[in-house]
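Undergrad: The structure under discussion is supplied below as structure tokens; questions concerning it will follow.
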Amino acid sequence: MKSTAGDDELMQRVQQQDQQAFATLVDHYLSTLHGFAQRMLGNPIEADDIVQEAFLRVWQKSTQWHPQSAQLSTWLHRIVYNLCIDYYRCQKGEYVDIEALDLSDNHQPTEYRQQEDVEIQVKAALQQLPETQRSAIILCHYQELSNREAAAVLGISVAALESLMARGRRTLKKILQVQADNLLGEL
Amino acid sequence: MNQTDPVADTDITLTRLSQLVAAYGSHTKRWPLEEQVTAAQLLENSAEARLLQQAAVSLDDLLDRVTVTPPSPQLRHRILATVESHNQSPLAMGQWLSQLLLGTTFREHIWRPAITLLIPLLLGMVMGFSLASWANNGAWVIEEELSLLGLGTLEQQL
């Protein structure tokens, strides 16, 4: 999501503790940030907690945002990203084991089940990536941030971001090729 | 590298294009803004460039199949309520206690009431064990002390 010109004005009002402006900010960014947290963590329930905490921090630390230093969307993504990293550290690198996933639900039509299986396997493959590679792919592919914005969220250079994404995509392809028989054809 | 040599130019651009495809995938809209025009021109003129781009399409298609669950309306309500409660200073005692015991997030709503219930249970168990051990040992000591006291009194009487 791109920041709009109205974001500056909105944040100025939030900085003055205007709750109405804060509600507008929540309406504007809730889905985007929730999607980001969900893709980072692979779980909508945990994403709820992360996003709630993120918005609380936005409210409490709104004066730390300056329009000259970062776009609002970049700043918000960075808050959620940091919370997700803290969460990972607490969980000590739990990840989804693609081999352990139950992909044999026989109660749904074959085509639908196959579609669901593909989604589950791609999600699991994403979760198997190192956290920095996953973050880079999520920010650019799903969150549609520009390369500079994504690099700013991760606190790295654009060249480092490109390297992370290339390695991440290569690893994803390898993981998914192993599962190619279940992926409606071949990669 | 000779800038006037068109083949050399294409080679350089193809190298960069392959880097772009490897990093950002096949969709040109995800490529860096400043390189999109040049890349589009190359894609139009070079079959090799189009092949490079095509190689990334299948992975992009798979990535695009991953959907997310939209946030519930309750989450919006929770966020606004949390901010409102942080605004009230000082926090009302009852509200503070309820937040402490019941939590404010989904996960806290599960483990905090469980701990709230566990604490009196554990306290009860500890007190139960202490009383039992007192009944076994302490009561006997008191009984002995009482009898000694009684004896002392008897001796004094004698």
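Letters A, B, ... go to the chains of the structure tokens in the order shown; residues in each chain start at 1; ligands are counted from 1 in the same order.
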How close does each residue of range 14-128 of chain B get to range 31-37 of chain A, giving the shortest atom pair and distance in Å to one decimal for every residue with an atom at most 7 Å away, counting only C-alpha atoms, sorted by chain and residue number, as JSON lines?

TA:
{"residue": "B:Val68", "atom": "CA", "partner": "A:Gly35", "partner_atom": "CA", "distance": 6.0}
{"residue": "B:Pro70", "atom": "CA", "partner": "A:Ser31", "partner_atom": "CA", "distance": 6.4}
{"residue": "B:Pro71", "atom": "CA", "partner": "A:Ser31", "partner_atom": "CA", "distance": 6.2}

Undergrad: Restrict the calculation to only C-alpha atoms, then for each residue of chain A with any atom at most 7 Å from an atom of chain B give the closest atom pair and their distance in Å to one decimal, rows by chain and rising residue number, as CSV.

TA:
residue,atom,partner,partner_atom,distance
A:Ala23,CA,B:Leu80,CA,6.9
A:Ser31,CA,B:Pro71,CA,6.2
A:His34,CA,B:Pro71,CA,6.5
A:Gly35,CA,B:Val68,CA,6.0
A:Gln38,CA,B:Val68,CA,7.0
A:Pro44,CA,B:Thr69,CA,6.6
A:Asp48,CA,B:Leu75,CA,6.8
A:Asp49,CA,B:Thr105,CA,6.1
A:Gln52,CA,B:Ile79,CA,5.4
A:Phe55,CA,B:Ile79,CA,6.9
A:Leu56,CA,B:Val83,CA,6.1
A:Glu119,CA,B:Val66,CA,5.3
A:Val122,CA,B:Leu63,CA,6.7
A:Lys123,CA,B:Val66,CA,6.6
A:Ser146,CA,B:Pro32,CA,6.9
A:Asn147,CA,B:Pro32,CA,6.4
A:Glu162,CA,B:Ala23,CA,5.3
A:Ser163,CA,B:Ala23,CA,6.9
A:Met165,CA,B:Ala23,CA,4.8
A:Ala166,CA,B:Ala23,CA,4.1
A:Lys173,CA,B:Leu59,CA,6.8
A:Leu187,CA,B:Ser58,CA,5.7

Undergrad: Filtering to N, CA and C atoms, could you give me those residues as a short mmCIF file (atom, residue, chain, number, x, y, z; two decimals), in the first residue's frame?

TA:
data_model
loop_
_atom_site.label_atom_id
_atom_site.label_comp_id
_atom_site.auth_asym_id
_atom_site.auth_seq_id
_atom_site.Cartn_x
_atom_site.Cartn_y
_atom_site.Cartn_z
N ALA A 23 -8.72 6.36 14.50
CA ALA A 23 -9.68 5.38 13.96
C ALA A 23 -9.60 5.34 12.43
N SER A 31 -6.15 -3.80 7.28
CA SER A 31 -6.08 -4.99 6.42
C SER A 31 -4.67 -5.23 5.92
N HIS A 34 -2.43 -6.37 8.81
CA HIS A 34 -2.85 -7.70 9.26
C HIS A 34 -2.40 -8.75 8.26
N GLY A 35 -2.53 -8.45 6.97
CA GLY A 35 -2.07 -9.38 5.92
C GLY A 35 -0.56 -9.60 6.03
N GLN A 38 0.16 -11.73 9.09
CA GLN A 38 -0.33 -13.08 8.87
C GLN A 38 0.63 -13.86 7.96
N PRO A 44 -3.41 -16.32 11.43
CA PRO A 44 -4.21 -15.10 11.60
C PRO A 44 -4.43 -14.70 13.06
N ASP A 48 -3.45 -11.11 14.77
CA ASP A 48 -4.37 -10.20 15.50
C ASP A 48 -3.61 -9.52 16.64
N ASP A 49 -2.91 -10.33 17.44
CA ASP A 49 -2.19 -9.78 18.61
C ASP A 49 -1.08 -8.82 18.18
N GLN A 52 -2.62 -5.56 16.91
CA GLN A 52 -3.16 -4.77 18.03
C GLN A 52 -2.02 -4.06 18.75
N PHE A 55 -0.57 -1.14 16.59
CA PHE A 55 -1.36 0.10 16.59
C PHE A 55 -1.26 0.82 17.95
N LEU A 56 -1.14 0.04 19.01
CA LEU A 56 -0.95 0.67 20.33
C LEU A 56 0.37 1.45 20.34
N GLU A 119 -2.13 -24.13 -1.96
CA GLU A 119 -1.97 -22.95 -1.10
C GLU A 119 -1.25 -23.34 0.20
N VAL A 122 2.46 -23.89 -0.55
CA VAL A 122 3.21 -22.65 -0.81
C VAL A 122 3.40 -21.90 0.51
N LYS A 123 2.35 -21.86 1.35
CA LYS A 123 2.47 -21.20 2.66
C LYS A 123 3.56 -21.86 3.49
N SER A 146 7.80 -0.57 -2.71
CA SER A 146 8.88 -0.41 -3.67
C SER A 146 10.15 -0.99 -3.07
N ASN A 147 11.18 -1.19 -3.92
CA ASN A 147 12.41 -1.79 -3.39
C ASN A 147 13.03 -0.92 -2.30
N GLU A 162 17.70 -7.17 -3.01
CA GLU A 162 17.58 -7.95 -4.25
C GLU A 162 18.24 -9.31 -4.09
N SER A 163 19.38 -9.33 -3.40
CA SER A 163 20.07 -10.59 -3.18
C SER A 163 19.22 -11.54 -2.32
N MET A 165 15.96 -11.51 -2.01
CA MET A 165 14.78 -11.97 -2.76
C MET A 165 15.16 -13.04 -3.77
N ALA A 166 16.29 -12.84 -4.45
CA ALA A 166 16.71 -13.83 -5.44
C ALA A 166 16.99 -15.18 -4.78
N LYS A 173 11.60 -22.21 -5.04
CA LYS A 173 11.44 -23.04 -6.24
C LYS A 173 11.92 -24.46 -5.95
N LEU A 187 6.64 -26.96 -11.95
CA LEU A 187 7.07 -25.56 -11.89
C LEU A 187 7.78 -25.17 -13.17
#

Undergrad: For Leu10 in chain A, work out the shell of residues within 9 Å, counting only C-alpha atoms and skipping chain neighbours fewer than 4 positions away, then give it as a ChimeraX atom specification.

TA: /A:6,14-15,21-22,24-25

Undergrad: Could you write those residues out with N, CA, C and O atoms, as a PDB file, in the first residue's frame?

TA:
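For reference, out25.pdb as written:
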ATOM      1  N   GLY A   6      -2.661  12.527   2.210  1.00  0.00           N
ATOM      2  CA  GLY A   6      -3.433  12.750   3.432  1.00  0.00           C
ATOM      3  C   GLY A   6      -2.820  12.109   4.664  1.00  0.00           C
ATOM      4  O   GLY A   6      -3.207  12.435   5.792  1.00  0.00           O
ATOM      5  N   VAL A  14      -3.045  12.483  14.702  1.00  0.00           N
ATOM      6  CA  VAL A  14      -2.811  11.376  15.650  1.00  0.00           C
ATOM      7  C   VAL A  14      -1.770  11.807  16.680  1.00  0.00           C
ATOM      8  O   VAL A  14      -1.901  11.502  17.878  1.00  0.00           O
ATOM      9  N   GLN A  15      -0.759  12.541  16.222  1.00  0.00           N
ATOM     10  CA  GLN A  15       0.280  13.020  17.145  1.00  0.00           C
ATOM     11  C   GLN A  15      -0.299  13.957  18.211  1.00  0.00           C
ATOM     12  O   GLN A  15       0.257  14.089  19.289  1.00  0.00           O
ATOM     13  N   ALA A  21      -8.957  10.611  14.302  1.00  0.00           N
ATOM     14  CA  ALA A  21      -7.921  10.448  13.268  1.00  0.00           C
ATOM     15  C   ALA A  21      -7.278   9.073  13.384  1.00  0.00           C
ATOM     16  O   ALA A  21      -6.978   8.425  12.375  1.00  0.00           O
ATOM     17  N   PHE A  22      -7.095   8.619  14.636  1.00  0.00           N
ATOM     18  CA  PHE A  22      -6.498   7.302  14.849  1.00  0.00           C
ATOM     19  C   PHE A  22      -7.407   6.205  14.280  1.00  0.00           C
ATOM     20  O   PHE A  22      -6.929   5.254  13.647  1.00  0.00           O
ATOM     21  N   THR A  24      -9.447   6.509  11.809  1.00  0.00           N
ATOM     22  CA  THR A  24      -9.318   6.570  10.348  1.00  0.00           C
ATOM     23  C   THR A  24      -8.039   5.863   9.901  1.00  0.00           C
ATOM     24  O   THR A  24      -8.028   5.123   8.903  1.00  0.00           O
ATOM     25  N   LEU A  25      -6.967   6.086  10.661  1.00  0.00           N
ATOM     26  CA  LEU A  25      -5.690   5.432  10.352  1.00  0.00           C
ATOM     27  C   LEU A  25      -5.834   3.907  10.440  1.00  0.00           C
ATOM     28  O   LEU A  25      -5.338   3.174   9.564  1.00  0.00           O
TER      29      LEU A  25
END

Undergrad: Identify, on the basis of only C-alpha atoms, every residue whose closest approach to Gln16 in chain A does not exceed 12 Å; exclude the query and any residue fewer than 3 positions from it along the same chain; express the result as a compact mmCIF listing (two decimals) with N, CA and C atoms, in the first residue's frame.

TA:
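Below is the file that was written, selection_25.txt:
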# COMPACT_ATOMS: atom_id res chain seq x y z
N GLU A 9 -1.16 14.61 7.12
CA GLU A 9 -2.14 15.37 7.91
C GLU A 9 -2.78 14.47 8.98
N LEU A 10 -3.09 13.25 8.55
CA LEU A 10 -3.71 12.29 9.47
C LEU A 10 -2.78 12.01 10.67
N MET A 11 -1.52 11.81 10.37
CA MET A 11 -0.56 11.51 11.44
C MET A 11 -0.34 12.72 12.35
N GLN A 12 -0.40 13.91 11.76
CA GLN A 12 -0.27 15.11 12.61
C GLN A 12 -1.39 15.14 13.64
N ARG A 13 -2.59 14.77 13.18
CA ARG A 13 -3.73 14.74 14.11
C ARG A 13 -3.57 13.63 15.14
N GLN A 19 -8.39 10.88 18.61
CA GLN A 19 -8.82 9.48 18.48
C GLN A 19 -9.58 9.22 17.18
N GLN A 20 -10.29 10.24 16.69
CA GLN A 20 -11.02 10.09 15.43
C GLN A 20 -10.03 9.85 14.29
N ALA A 21 -8.96 10.61 14.30
CA ALA A 21 -7.92 10.45 13.27
C ALA A 21 -7.28 9.07 13.38
N PHE A 22 -7.10 8.62 14.64
CA PHE A 22 -6.50 7.30 14.85
C PHE A 22 -7.41 6.21 14.28
N TRP A 59 0.07 4.66 18.45
CA TRP A 59 -0.62 5.67 19.27
C TRP A 59 0.34 6.27 20.30
N GLN A 60 1.09 5.39 20.96
CA GLN A 60 1.97 5.85 22.04
C GLN A 60 3.22 6.56 21.52
N LYS A 61 3.70 6.16 20.34
CA LYS A 61 4.96 6.71 19.83
C LYS A 61 4.79 7.47 18.53
N SER A 62 3.60 8.02 18.34
CA SER A 62 3.30 8.69 17.07
C SER A 62 4.25 9.85 16.78
N THR A 63 4.76 10.48 17.84
CA THR A 63 5.65 11.63 17.63
C THR A 63 7.01 11.21 17.08

Undergrad: What separation in Å, quoted to one decimal, exists between CA of Ala49 in chain B and CA of Ala136 in chain A?

TA: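 Rounded to one decimal, the two atoms are 24.3 Å apart.
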
Undergrad: Give me the residues near Ala39 in chain B as a PyMOL selection string, where near means some atom within 10 Å (using only C-alpha atoms) and where sequence neighbours in that chain fewer than 3 positions away do not count.

TA: chain B and resi 13-14+16-17+20+28+31-32+34-36+42-45+49

Undergrad: Could you tell me how far CA of Gly42 in chain A sits from CA of Leu172 in chain A, in Å to one decimal place?

TA: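 That distance, rounded to one decimal, is 15.6 Å.
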